[in-house]
>>> print(open('start00.txt').read())   # compact mmCIF, C-alpha atoms (C1' of nucleotides)
# COMPACT_ATOMS: atom_id res chain seq x y z
CA MET Y 1 100.06 116.63 99.42
CA SER Y 2 102.39 118.19 101.89
CA LEU Y 3 101.14 120.06 104.89
CA ARG Y 4 103.47 122.91 104.15
CA ALA Y 5 102.55 125.34 101.44
CA GLY Y 6 105.92 124.91 99.75
CA LEU Y 7 106.09 128.41 98.35
CA ASP Y 8 109.08 130.06 96.83
CA HIS Y 9 109.81 133.62 95.83
CA ALA Y 10 108.48 133.25 92.28
CA ALA Y 11 105.21 131.71 93.41
CA VAL Y 12 104.62 134.52 95.88
CA ILE Y 13 105.30 137.21 93.29
CA GLN Y 14 103.11 135.41 90.77
CA ALA Y 15 100.24 135.25 93.24
CA ALA Y 16 100.75 138.92 94.06
CA ALA Y 17 100.53 139.78 90.38
CA GLU Y 18 97.23 137.93 90.04
CA LEU Y 19 95.87 139.64 93.11
CA ALA Y 20 96.95 143.08 91.93
CA ASP Y 21 95.42 142.47 88.51
CA THR Y 22 92.10 141.21 89.80
CA LYS Y 23 91.55 143.24 92.96
CA GLY Y 24 93.54 146.34 92.04
CA TRP Y 25 96.95 147.67 92.94
CA ASP Y 26 95.65 149.40 96.07
CA SER Y 27 94.13 146.18 97.34
CA LEU Y 28 97.42 144.34 97.18
CA THR Y 29 98.16 143.98 100.89
CA LEU Y 30 100.31 141.46 102.68
CA ALA Y 31 97.24 140.35 104.60
CA ALA Y 32 95.24 139.70 101.43
CA LEU Y 33 98.16 137.98 99.75
CA ALA Y 34 98.75 135.73 102.75
CA GLU Y 35 95.11 134.75 102.86
CA HIS Y 36 95.16 134.01 99.13
CA LEU Y 37 98.15 131.71 99.67
CA ASN Y 38 96.69 130.09 102.80
CA ILE Y 39 99.53 131.16 105.01
CA ARG Y 40 99.86 133.74 107.79
CA ALA Y 41 101.03 137.24 106.90
CA PRO Y 42 104.37 137.12 108.79
CA SER Y 43 105.36 134.01 106.80
CA LEU Y 44 105.59 136.20 103.71
CA TYR Y 45 108.73 137.76 105.16
CA ASN Y 46 110.51 134.52 104.34
CA HIS Y 47 110.09 135.37 100.66
CA VAL Y 48 109.86 139.14 100.28
CA ALA Y 49 111.23 142.15 102.11
CA GLY Y 50 107.92 143.48 103.35
CA LEU Y 51 105.32 145.32 101.32
CA GLU Y 52 107.88 147.59 99.69
CA GLY Y 53 110.03 144.62 98.75
CA LEU Y 54 107.01 142.88 97.28
CA ARG Y 55 106.22 145.92 95.17
CA ARG Y 56 109.81 146.19 93.97
CA ASP Y 57 109.88 142.52 93.01
CA LEU Y 58 106.54 142.86 91.29
CA ALA Y 59 107.94 145.75 89.31
CA VAL Y 60 110.71 143.53 87.97
CA LEU Y 61 108.19 140.92 86.88
CA GLY Y 62 106.23 143.72 85.24
CA TYR Y 63 109.24 145.03 83.27
CA ARG Y 64 109.99 141.52 82.06
CA GLU Y 65 106.47 140.61 81.02
CA LEU Y 66 105.89 143.98 79.37
CA GLY Y 67 109.21 143.70 77.58
CA ALA Y 68 108.42 140.20 76.36
CA CYS Y 69 105.00 141.36 75.23
CA LEU Y 70 106.41 144.28 73.25
CA ALA Y 71 109.17 142.15 71.74
CA ARG Y 72 106.67 139.54 70.62
CA ALA Y 73 104.46 142.18 69.03
CA THR Y 74 107.14 144.01 67.06
CA ILE Y 75 109.23 141.13 65.83
CA GLY Y 76 109.42 141.03 62.06
CA LYS Y 77 107.86 144.46 61.67
CA ALA Y 78 109.33 147.84 60.85
CA ARG Y 79 108.51 151.55 60.89
CA ASP Y 80 104.84 152.51 61.12
CA GLU Y 81 103.67 148.93 61.29
CA ALA Y 82 106.06 148.26 64.14
CA VAL Y 83 105.05 151.41 66.00
CA PHE Y 84 101.37 150.56 65.77
CA ALA Y 85 102.05 147.00 66.89
CA LEU Y 86 104.14 148.27 69.80
CA ALA Y 87 101.51 150.77 70.86
CA ASN Y 88 98.67 148.26 70.65
CA ALA Y 89 100.63 145.67 72.59
CA TYR Y 90 101.51 148.26 75.23
CA ARG Y 91 97.90 149.22 75.71
CA ALA Y 92 96.72 145.60 75.66
CA PHE Y 93 99.24 144.71 78.35
CA ALA Y 94 98.09 147.56 80.57
CA ARG Y 95 94.46 146.50 80.14
CA GLN Y 96 95.09 142.82 80.77
CA HIS Y 97 97.46 143.39 83.68
CA PRO Y 98 96.35 146.62 85.33
CA GLY Y 99 98.03 145.80 88.62
CA LEU Y 100 101.26 144.57 87.15
CA TYR Y 101 101.34 147.58 84.84
CA VAL Y 102 101.14 149.98 87.77
CA ALA Y 103 103.93 148.04 89.45
CA ALA Y 104 106.03 148.35 86.30
CA SER Y 105 105.36 152.08 86.00
CA ARG Y 106 107.37 152.72 89.14
CA ALA Y 107 111.00 153.62 88.74
CA PRO Y 108 113.34 150.62 88.97
CA ASP Y 109 115.25 150.26 92.21
CA PRO Y 110 118.63 151.93 91.52
CA THR Y 111 120.41 149.50 93.83
CA ASN Y 112 119.07 146.40 92.05
CA GLN Y 113 120.91 145.44 88.91
CA GLU Y 114 118.19 143.02 87.78
CA ALA Y 115 115.56 145.74 88.02
CA GLN Y 116 117.71 148.19 86.09
CA THR Y 117 118.34 145.65 83.35
CA ALA Y 118 114.72 144.56 83.01
CA ALA Y 119 113.48 148.15 82.88
CA GLY Y 120 116.23 149.07 80.46
CA GLU Y 121 115.19 146.35 78.06
CA VAL Y 122 111.71 147.81 77.72
CA VAL Y 123 113.20 151.13 76.75
CA GLU Y 124 115.57 149.40 74.36
CA ILE Y 125 112.70 147.88 72.42
CA VAL Y 126 111.15 151.30 71.88
CA VAL Y 127 114.49 152.74 70.89
CA ALA Y 128 115.02 149.87 68.46
CA VAL Y 129 111.65 150.42 66.81
CA LEU Y 130 112.37 154.12 66.41
CA ALA Y 131 115.85 153.46 65.04
CA ALA Y 132 114.21 152.61 61.71
CA TYR Y 133 113.42 156.31 61.39
CA GLY Y 134 117.10 157.17 61.50
CA LEU Y 135 116.98 158.40 65.07
CA ARG Y 136 120.28 158.14 66.89
CA GLY Y 137 121.77 159.39 70.13
CA ASP Y 138 119.93 162.16 71.97
CA ALA Y 139 117.25 162.46 69.33
CA ALA Y 140 116.36 158.80 69.83
CA ILE Y 141 116.04 159.32 73.58
CA HIS Y 142 113.90 162.43 73.27
CA THR Y 143 111.57 160.71 70.82
CA THR Y 144 111.41 157.56 72.93
CA ARG Y 145 110.39 159.68 75.88
CA ALA Y 146 107.66 161.32 73.84
CA LEU Y 147 106.20 157.99 72.73
CA ARG Y 148 106.43 156.49 76.19
CA SER Y 149 104.74 159.54 77.69
CA ALA Y 150 101.86 159.35 75.26
CA LEU Y 151 101.38 155.61 75.77
CA HIS Y 152 101.74 155.77 79.54
CA GLY Y 153 99.47 158.78 79.84
CA PHE Y 154 96.79 157.23 77.69
CA VAL Y 155 96.65 153.90 79.48
CA MET Y 156 96.71 155.55 82.90
CA LEU Y 157 93.92 157.94 82.02
CA GLU Y 158 91.98 155.05 80.51
CA ALA Y 159 92.47 152.89 83.60
CA ASN Y 160 91.33 155.73 85.87
CA ALA Y 161 88.27 156.50 83.76
CA GLY Y 162 89.95 159.85 83.19
CA PHE Y 163 88.36 160.32 79.79
CA GLY Y 164 84.92 161.54 80.67
CA ILE Y 165 83.27 161.78 77.30
CA PRO Y 166 81.87 158.52 75.91
CA LEU Y 167 83.73 158.57 72.60
CA ASP Y 168 85.45 155.50 71.16
CA LEU Y 169 88.74 155.04 72.99
CA ASP Y 170 90.16 152.66 70.39
CA GLU Y 171 89.80 155.35 67.78
CA SER Y 172 91.35 157.98 70.07
CA PHE Y 173 94.31 155.71 70.64
CA ARG Y 174 94.74 154.98 66.95
CA GLN Y 175 94.64 158.69 66.13
CA MET Y 176 97.15 159.48 68.87
CA VAL Y 177 99.66 157.01 67.45
CA GLN Y 178 98.94 158.28 63.96
CA LEU Y 179 99.57 161.84 65.13
CA PHE Y 180 102.87 160.78 66.62
CA LEU Y 181 103.88 159.11 63.37
CA LEU Y 182 102.94 162.14 61.32
CA GLY Y 183 105.04 164.34 63.54
CA LEU Y 184 107.91 161.89 63.41
CA GLN Y 185 107.76 161.80 59.64
CA GLN Y 186 107.93 165.60 59.48
CA GLN Y 187 110.72 165.77 62.02
CA THR Y 188 112.95 163.25 60.33
CA HIS Y 189 112.28 164.82 56.95
CA THR Y 190 114.15 167.98 57.80
CA MET R 1 92.96 183.55 120.51
CA SER R 2 90.17 181.08 120.77
CA LEU R 3 90.67 177.70 122.32
CA ARG R 4 88.94 176.07 119.41
CA ALA R 5 90.82 175.65 116.17
CA GLY R 6 88.02 177.22 114.16
CA LEU R 7 88.58 175.22 111.03
CA ASP R 8 86.28 174.97 108.10
CA HIS R 9 86.14 172.73 105.09
CA ALA R 10 88.30 174.96 102.89
CA ALA R 11 91.02 175.30 105.51
CA VAL R 12 91.19 171.54 105.97
CA ILE R 13 91.45 170.90 102.23
CA GLN R 14 94.06 173.63 101.88
CA ALA R 15 96.16 172.11 104.63
CA ALA R 16 95.79 168.69 103.03
CA ALA R 17 97.02 170.09 99.73
CA GLU R 18 100.12 171.52 101.39
CA LEU R 19 100.79 168.25 103.15
CA ALA R 20 100.35 166.22 99.96
CA ASP R 21 102.66 168.57 98.06
CA THR R 22 105.41 168.57 100.66
CA LYS R 23 105.28 165.04 102.09
CA GLY R 24 103.88 163.23 99.07
CA TRP R 25 100.48 161.91 98.10
CA ASP R 26 101.07 158.60 99.85
CA SER R 27 101.90 160.34 103.10
CA LEU R 28 98.63 162.19 103.19
CA THR R 29 96.94 160.40 106.08
CA LEU R 30 94.18 161.61 108.36
CA ALA R 31 96.53 161.16 111.29
CA ALA R 32 99.23 163.36 109.73
CA LEU R 33 96.70 165.98 108.65
CA ALA R 34 95.15 166.12 112.10
CA GLU R 35 98.55 166.57 113.72
CA HIS R 36 99.40 169.30 111.23
CA LEU R 37 96.17 171.10 112.19
CA ASN R 38 96.62 170.50 115.92
CA ILE R 39 93.41 168.57 116.28
CA ARG R 40 92.61 164.90 116.84
CA ALA R 41 92.02 162.67 113.85
CA PRO R 42 88.33 161.93 114.51
CA SER R 43 87.60 165.67 114.50
CA LEU R 44 88.37 165.73 110.79
CA TYR R 45 85.12 163.89 110.19
CA ASN R 46 83.33 167.14 110.98
CA HIS R 47 84.76 168.53 107.74
CA VAL R 48 85.42 165.68 105.33
CA ALA R 49 83.89 162.28 104.66
CA GLY R 50 86.87 160.20 105.72
CA LEU R 51 90.06 159.68 103.77
CA GLU R 52 88.22 158.98 100.54
CA GLY R 53 86.13 162.12 100.93
CA LEU R 54 89.27 164.14 101.60
CA ARG R 55 90.84 162.82 98.41
CA ARG R 56 87.71 163.59 96.40
CA ASP R 57 87.58 167.13 97.76
CA LEU R 58 91.28 167.57 97.09
CA ALA R 59 90.69 166.48 93.52
CA VAL R 60 88.18 169.29 93.06
CA LEU R 61 90.67 171.84 94.38
CA GLY R 62 93.21 170.34 92.00
CA TYR R 63 90.94 170.66 88.95
CA ARG R 64 90.24 174.27 89.84
CA GLU R 65 93.81 175.32 90.45
CA LEU R 66 95.08 173.50 87.40
CA GLY R 67 92.32 175.04 85.30
CA ALA R 68 93.10 178.53 86.60
CA CYS R 69 96.80 177.95 85.92
CA LEU R 70 96.18 176.84 82.34
CA ALA R 71 93.75 179.67 81.68
CA ARG R 72 96.23 182.24 82.96
CA ALA R 73 98.97 180.82 80.78
CA THR R 74 97.06 180.71 77.51
CA ILE R 75 95.12 183.93 77.68
CA GLY R 76 95.92 186.20 74.76
CA LYS R 77 97.79 183.49 72.87
CA ALA R 78 96.88 181.34 69.91
CA ARG R 79 97.96 178.24 68.03
CA ASP R 80 101.53 177.01 68.59
CA GLU R 81 102.32 179.73 71.10
CA ALA R 82 99.21 178.82 73.08
CA VAL R 83 99.96 175.10 72.97
CA PHE R 84 103.50 175.62 74.23
CA ALA R 85 102.25 177.93 76.96
CA LEU R 86 99.60 175.41 77.96
CA ALA R 87 102.05 172.54 78.02
CA ASN R 88 104.63 174.44 80.03
CA ALA R 89 102.02 175.60 82.52
CA TYR R 90 100.70 172.05 82.84
CA ARG R 91 104.13 170.68 83.60
CA ALA R 92 104.99 173.54 85.95
CA PHE R 93 101.80 172.92 87.90
CA ALA R 94 102.57 169.24 88.28
CA ARG R 95 106.07 170.05 89.50
CA GLN R 96 105.00 172.73 91.94
CA HIS R 97 102.02 170.78 93.24
CA PRO R 98 102.95 167.11 92.96
CA GLY R 99 100.40 166.00 95.55
CA LEU R 100 97.57 168.13 94.28
CA TYR R 101 98.35 167.02 90.74
CA VAL R 102 97.98 163.36 91.68
CA ALA R 103 94.70 164.22 93.36
CA ALA R 104 93.53 165.96 90.20
CA SER R 105 94.56 163.06 88.00
CA ARG R 106 91.86 160.90 89.52
CA ALA R 107 88.54 160.69 87.75
CA PRO R 108 85.99 163.21 89.05
CA ASP R 109 83.27 161.78 91.26
CA PRO R 110 80.35 161.11 88.88
CA THR R 111 77.82 161.92 91.61
CA ASN R 112 79.34 165.32 92.37
CA GLN R 113 78.29 168.08 90.01
CA GLU R 114 81.00 170.46 91.26
CA ALA R 115 83.69 167.88 90.55
CA GLN R 116 82.34 167.21 87.09
CA THR R 117 82.21 170.90 86.28
CA ALA R 118 85.69 171.67 87.57
CA ALA R 119 87.22 168.72 85.72
CA GLY R 120 85.29 169.62 82.59
CA GLU R 121 86.68 173.13 82.59
CA VAL R 122 90.24 171.85 82.39
CA VAL R 123 89.34 169.83 79.32
CA GLU R 124 87.52 172.83 77.87
CA ILE R 125 90.67 174.93 77.98
CA VAL R 126 92.59 172.33 76.00
CA VAL R 127 89.74 172.03 73.52
CA ALA R 128 89.63 175.80 73.17
CA VAL R 129 93.33 176.02 72.44
CA LEU R 130 93.05 173.30 69.81
CA ALA R 131 90.01 174.93 68.23
CA ALA R 132 92.38 177.39 66.56
CA TYR R 133 93.52 174.50 64.37
CA GLY R 134 90.03 174.03 63.01
CA LEU R 135 89.33 170.96 65.10
CA ARG R 136 85.64 170.42 65.80
CA GLY R 137 83.49 167.67 67.21
CA ASP R 138 84.99 164.21 67.53
CA ALA R 139 88.30 165.24 66.00
CA ALA R 140 88.71 167.86 68.72
CA ILE R 141 88.09 165.25 71.41
CA HIS R 142 90.49 162.73 69.94
CA THR R 143 93.24 165.33 69.64
CA THR R 144 92.58 166.66 73.13
CA ARG R 145 92.97 163.15 74.47
CA ALA R 146 96.26 162.76 72.64
CA LEU R 147 97.67 165.98 74.07
CA ARG R 148 96.42 165.23 77.56
CA SER R 149 97.91 161.75 77.41
CA ALA R 150 101.30 163.05 76.39
CA LEU R 151 101.32 165.75 79.06
CA HIS R 152 100.02 163.48 81.80
CA GLY R 153 102.36 160.67 80.87
CA PHE R 154 105.38 162.95 80.80
CA VAL R 155 104.77 164.60 84.14
CA MET R 156 103.96 161.30 85.84
CA LEU R 157 107.09 159.64 84.50
CA GLU R 158 109.10 162.70 85.49
CA ALA R 159 107.66 162.71 89.02
CA ASN R 160 108.42 159.00 89.45
CA ALA R 161 111.96 159.32 88.14
CA GLY R 162 110.76 157.08 85.34
CA PHE R 163 113.21 158.52 82.84
CA GLY R 164 116.39 156.75 83.72
CA ILE R 165 118.88 158.35 81.40
CA PRO R 166 120.29 161.70 82.55
CA LEU R 167 119.37 163.70 79.48
CA ASP R 168 117.83 167.17 79.69
CA LEU R 169 114.15 166.77 80.52
CA ASP R 170 113.26 170.32 79.50
CA GLU R 171 114.49 169.59 76.03
CA SER R 172 112.65 166.27 75.88
CA PHE R 173 109.45 168.04 76.86
CA ARG R 174 109.93 170.79 74.31
CA GLN R 175 110.55 168.25 71.57
CA MET R 176 107.49 166.24 72.57
CA VAL R 177 105.24 169.28 72.25
CA GLN R 178 106.95 170.19 69.00
CA LEU R 179 106.35 166.69 67.68
CA PHE R 180 102.69 166.96 68.60
CA LEU R 181 102.42 170.29 66.79
CA LEU R 182 104.13 168.92 63.69
CA GLY R 183 101.71 166.03 63.60
CA LEU R 184 98.77 168.34 64.17
CA GLN R 185 99.87 170.57 61.33
CA GLN R 186 100.09 167.60 58.98
CA GLN R 187 96.77 166.22 60.11
CA THR R 188 94.84 169.45 59.69
CA HIS R 189 96.49 170.08 56.32
CA THR R 190 94.77 167.16 54.67
C1' DT T 1 118.25 104.79 108.82
C1' DT T 2 119.03 108.45 111.36
C1' DG T 3 120.13 112.83 112.84
C1' DA T 4 121.29 117.54 112.11
C1' DC T 5 120.52 121.77 109.74
C1' DA T 6 118.28 125.37 107.11
C1' DA T 7 114.18 127.04 105.56
C1' DA T 8 109.40 127.82 106.02
C1' DA T 9 105.88 128.32 108.63
C1' DC T 10 103.79 129.57 113.06
C1' DT T 11 102.20 132.40 117.47
C1' DA T 12 102.36 136.43 120.00
C1' DC T 13 103.06 141.11 120.11
C1' DT T 14 103.48 146.24 118.94
C1' DA T 15 102.54 150.38 116.37
C1' DT T 16 99.95 153.02 113.05
C1' DC T 17 95.90 154.16 110.86
C1' DA T 18 90.84 154.75 109.66
C1' DT T 19 86.62 154.73 111.50
C1' DT T 20 82.51 154.80 114.74
C1' DA T 21 80.06 156.04 118.93
C1' DG T 22 79.08 158.95 122.20
C1' DC T 23 80.30 162.94 125.13
C1' DT T 24 81.60 167.97 126.05
C1' DT T 25 81.81 172.59 125.21
C1' DA T 26 82.48 176.83 122.60
C1' DT T 27 80.06 179.97 119.86
C1' DA T 28 76.46 182.46 117.84
C1' DA T 29 71.66 183.49 117.37
C1' DT T 30 67.67 184.39 119.82
C1' DA P 1 70.81 184.55 129.70
C1' DT P 2 69.38 180.54 127.08
C1' DT P 3 69.82 177.28 123.91
C1' DA P 4 70.94 174.83 119.60
C1' DT P 5 74.45 173.68 116.64
C1' DA P 6 78.67 172.51 115.39
C1' DA P 7 83.44 171.65 116.50
C1' DG P 8 86.11 169.46 119.16
C1' DC P 9 87.17 165.58 122.40
C1' DT P 10 88.00 160.52 124.49
C1' DA P 11 87.50 155.74 124.05
C1' DA P 12 87.25 151.79 121.52
C1' DT P 13 87.38 148.57 117.32
C1' DG P 14 89.32 146.44 113.34
C1' DA P 15 92.65 146.25 109.65
C1' DT P 16 97.35 146.39 108.50
C1' DA P 17 102.62 146.18 108.51
C1' DG P 18 106.22 144.64 110.80
C1' DT P 19 109.35 142.24 114.65
C1' DA P 20 110.85 138.57 117.79
C1' DG P 21 111.15 134.25 118.89
C1' DT P 22 109.52 129.39 118.39
C1' DT P 23 108.13 125.10 116.07
C1' DT P 24 108.16 122.08 112.37
C1' DT P 25 109.33 120.13 108.10
C1' DG P 26 111.99 118.66 104.29
C1' DT P 27 116.48 117.41 102.85
C1' DC P 28 120.97 115.81 102.82
C1' DA P 29 124.90 113.70 104.61
C1' DA P 30 126.87 110.43 107.77
>>> encode(input="start00.txt", output="structure tokens")
Amino acid sequence: MSLRAGLDHAAVIQAAAELADTKGWDSLTLAALAEHLNIRAPSLYNHVAGLEGLRRDLAVLGYRELGACLARATIGKARDEAVFALANAYRAFARQHPGLYVAASRAPDPTNQEAQTAAGEVVEIVVAVLAAYGLRGDAAIHTTRALRSALHGFVMLEANAGFGIPLDLDESFRQMVQLFLLGLQQQTHT
Amino acid sequence: MSLRAGLDHAAVIQAAAELADTKGWDSLTLAALAEHLNIRAPSLYNHVAGLEGLRRDLAVLGYRELGACLARATIGKARDEAVFALANAYRAFARQHPGLYVAASRAPDPTNQEAQTAAGEVVEIVVAVLAAYGLRGDAAIHTTRALRSALHGFVMLEANAGFGIPLDLDESFRQMVQLFLLGLQQQTHT
DNA sequence: TTGACAAAACTACTATCATTAGCTTATAAT
DNA sequence: ATTATAAGCTAATGATAGTAGTTTTGTCAA
């Protein structure tokens, strides 16, 4: 075993993701991360561009993992079945990776091509699922935004205990997706 | 003019709201607030219970102002007209008061009756608007959660520049509310 | 095998911020 | 006028991010 920690960029980001998921996004500090990795805080600057850089890099990991999760869930499915699978996978990801999800809910760095691509792929999956309803062009974008808003809003409110009343959240989520699908059906009918 | 600043709790919270709205939620620090008020940071502890207490108190102001805003917008309206008015007022509030909105999107302090009441009144307005569609009991709660999720998700994504593509956001928002109403109509038909 | 180089880690330091403790003084009620 | 309270203050501590400069280690080529 070497005396040096032997970290690289990926290992640091991975450790940061674990820390954010277990201790919370707000508790992800360079000091805590350094302690977790058994190095001194300034050594982290060899791998990430400060706290902001760490958060940006974590966002990219978040886009990728969320995208992979959604792709896995929707493969081989279509229309309502695909939408339900997408929605459930989205919510499951946010619950299993609360810190990484928050990281991924930040806007991708406009100057970073990798970030743009990874974030774009998440959107593409939603667009692809909705394409089965005949949505194209602007209509596809508007509807994608609606679905994303509902999913994002729900998981954020859930994570923040924003729903006060103790009524089954699983059922609320199912009904929300169902409501979206009913509306979609009506909209594409006309 | 007195030598003493003569602040009280309300004035401090009000100043904090302005600071959060103009400089951003993350820039709301006790140091910045104290400077803005021309006092020293420790003096703030005469009015609020630290940074966390300030945020909790700001949340209460947020619930109240948001509730008043929504009530004003929906008074004298019913059904689809009321839902559109509510949604537009909700989004307008989040845009005009980005800091206060973030404060209000935190869960109300369970030990603070005032916070619970203020937050509850916001939910009550949404429930009341949806009551016109014959929703009662659990169904009303599920549907309220769906609408809140969509609204919250949209305004948060909008505030974080989360919608990458440069396509008219006003139109996206209108279509999202329309989609919700179409679904609602279908759901309550059966 | 050895030696040089780049990377990874370190120490030491500064600045900002939240927070506590304890002191001072303005103000308002008596 | 006196006094009690509350609003402000200074001073100090501890956590954190970040910078500068140094040491050390692993690797790779001579």
>>> closest_atom_pairs(input="start00.txt", of="chain P", to="chain R", cutoff="12 Å", atoms="only C-alpha atoms (C1' of nucleotides)", output="CSV")
residue,atom,partner,partner_atom,distance
P:DA6,C1',R:Asn46,CA,8.4
P:DA7,C1',R:Asn46,CA,7.1
P:DG8,C1',R:Ser43,CA,6.2
P:DC9,C1',R:Arg40,CA,7.8
P:DT10,C1',R:Arg40,CA,9.9
P:DA11,C1',R:Pro42,CA,11.4
>>> closest_residue(input="start00.txt", among="Y:Leu86, Y:Val102, Y:Ala128, Y:Leu37", to="chain R", atoms="only C-alpha atoms")
Y:Val102
>>> interface_residues(input="start00.txt", of="chain T", to="chain R", cutoff="12 Å", atoms="all atoms listed in the file", output="ChimeraX atom specification")
/T:16-21,25-27
>>> interface_residues(input="start00.txt", of="chain R", to="chain Y", cutoff="10 Å", atoms="all atoms listed in the file", output="JSON, numbers by chain")
{"R": [104, 105, 106, 107, 108, 110, 116, 119, 120, 123, 138, 139, 141, 142, 143, 144, 145, 146, 147, 148, 149, 150, 151, 152, 153, 154, 155, 156, 157, 158, 159, 160, 161, 162, 163, 164, 165, 167, 168, 169, 171, 172, 173, 174, 175, 176, 177, 178, 179, 180, 181, 182, 183, 184, 185, 186, 187]}
>>> closest_residue(input="start00.txt", among="R:Ile75, R:Val60, R:Val48, R:Ala11", to="R:Glu121", atoms="all atoms listed in the file")
R:Val60
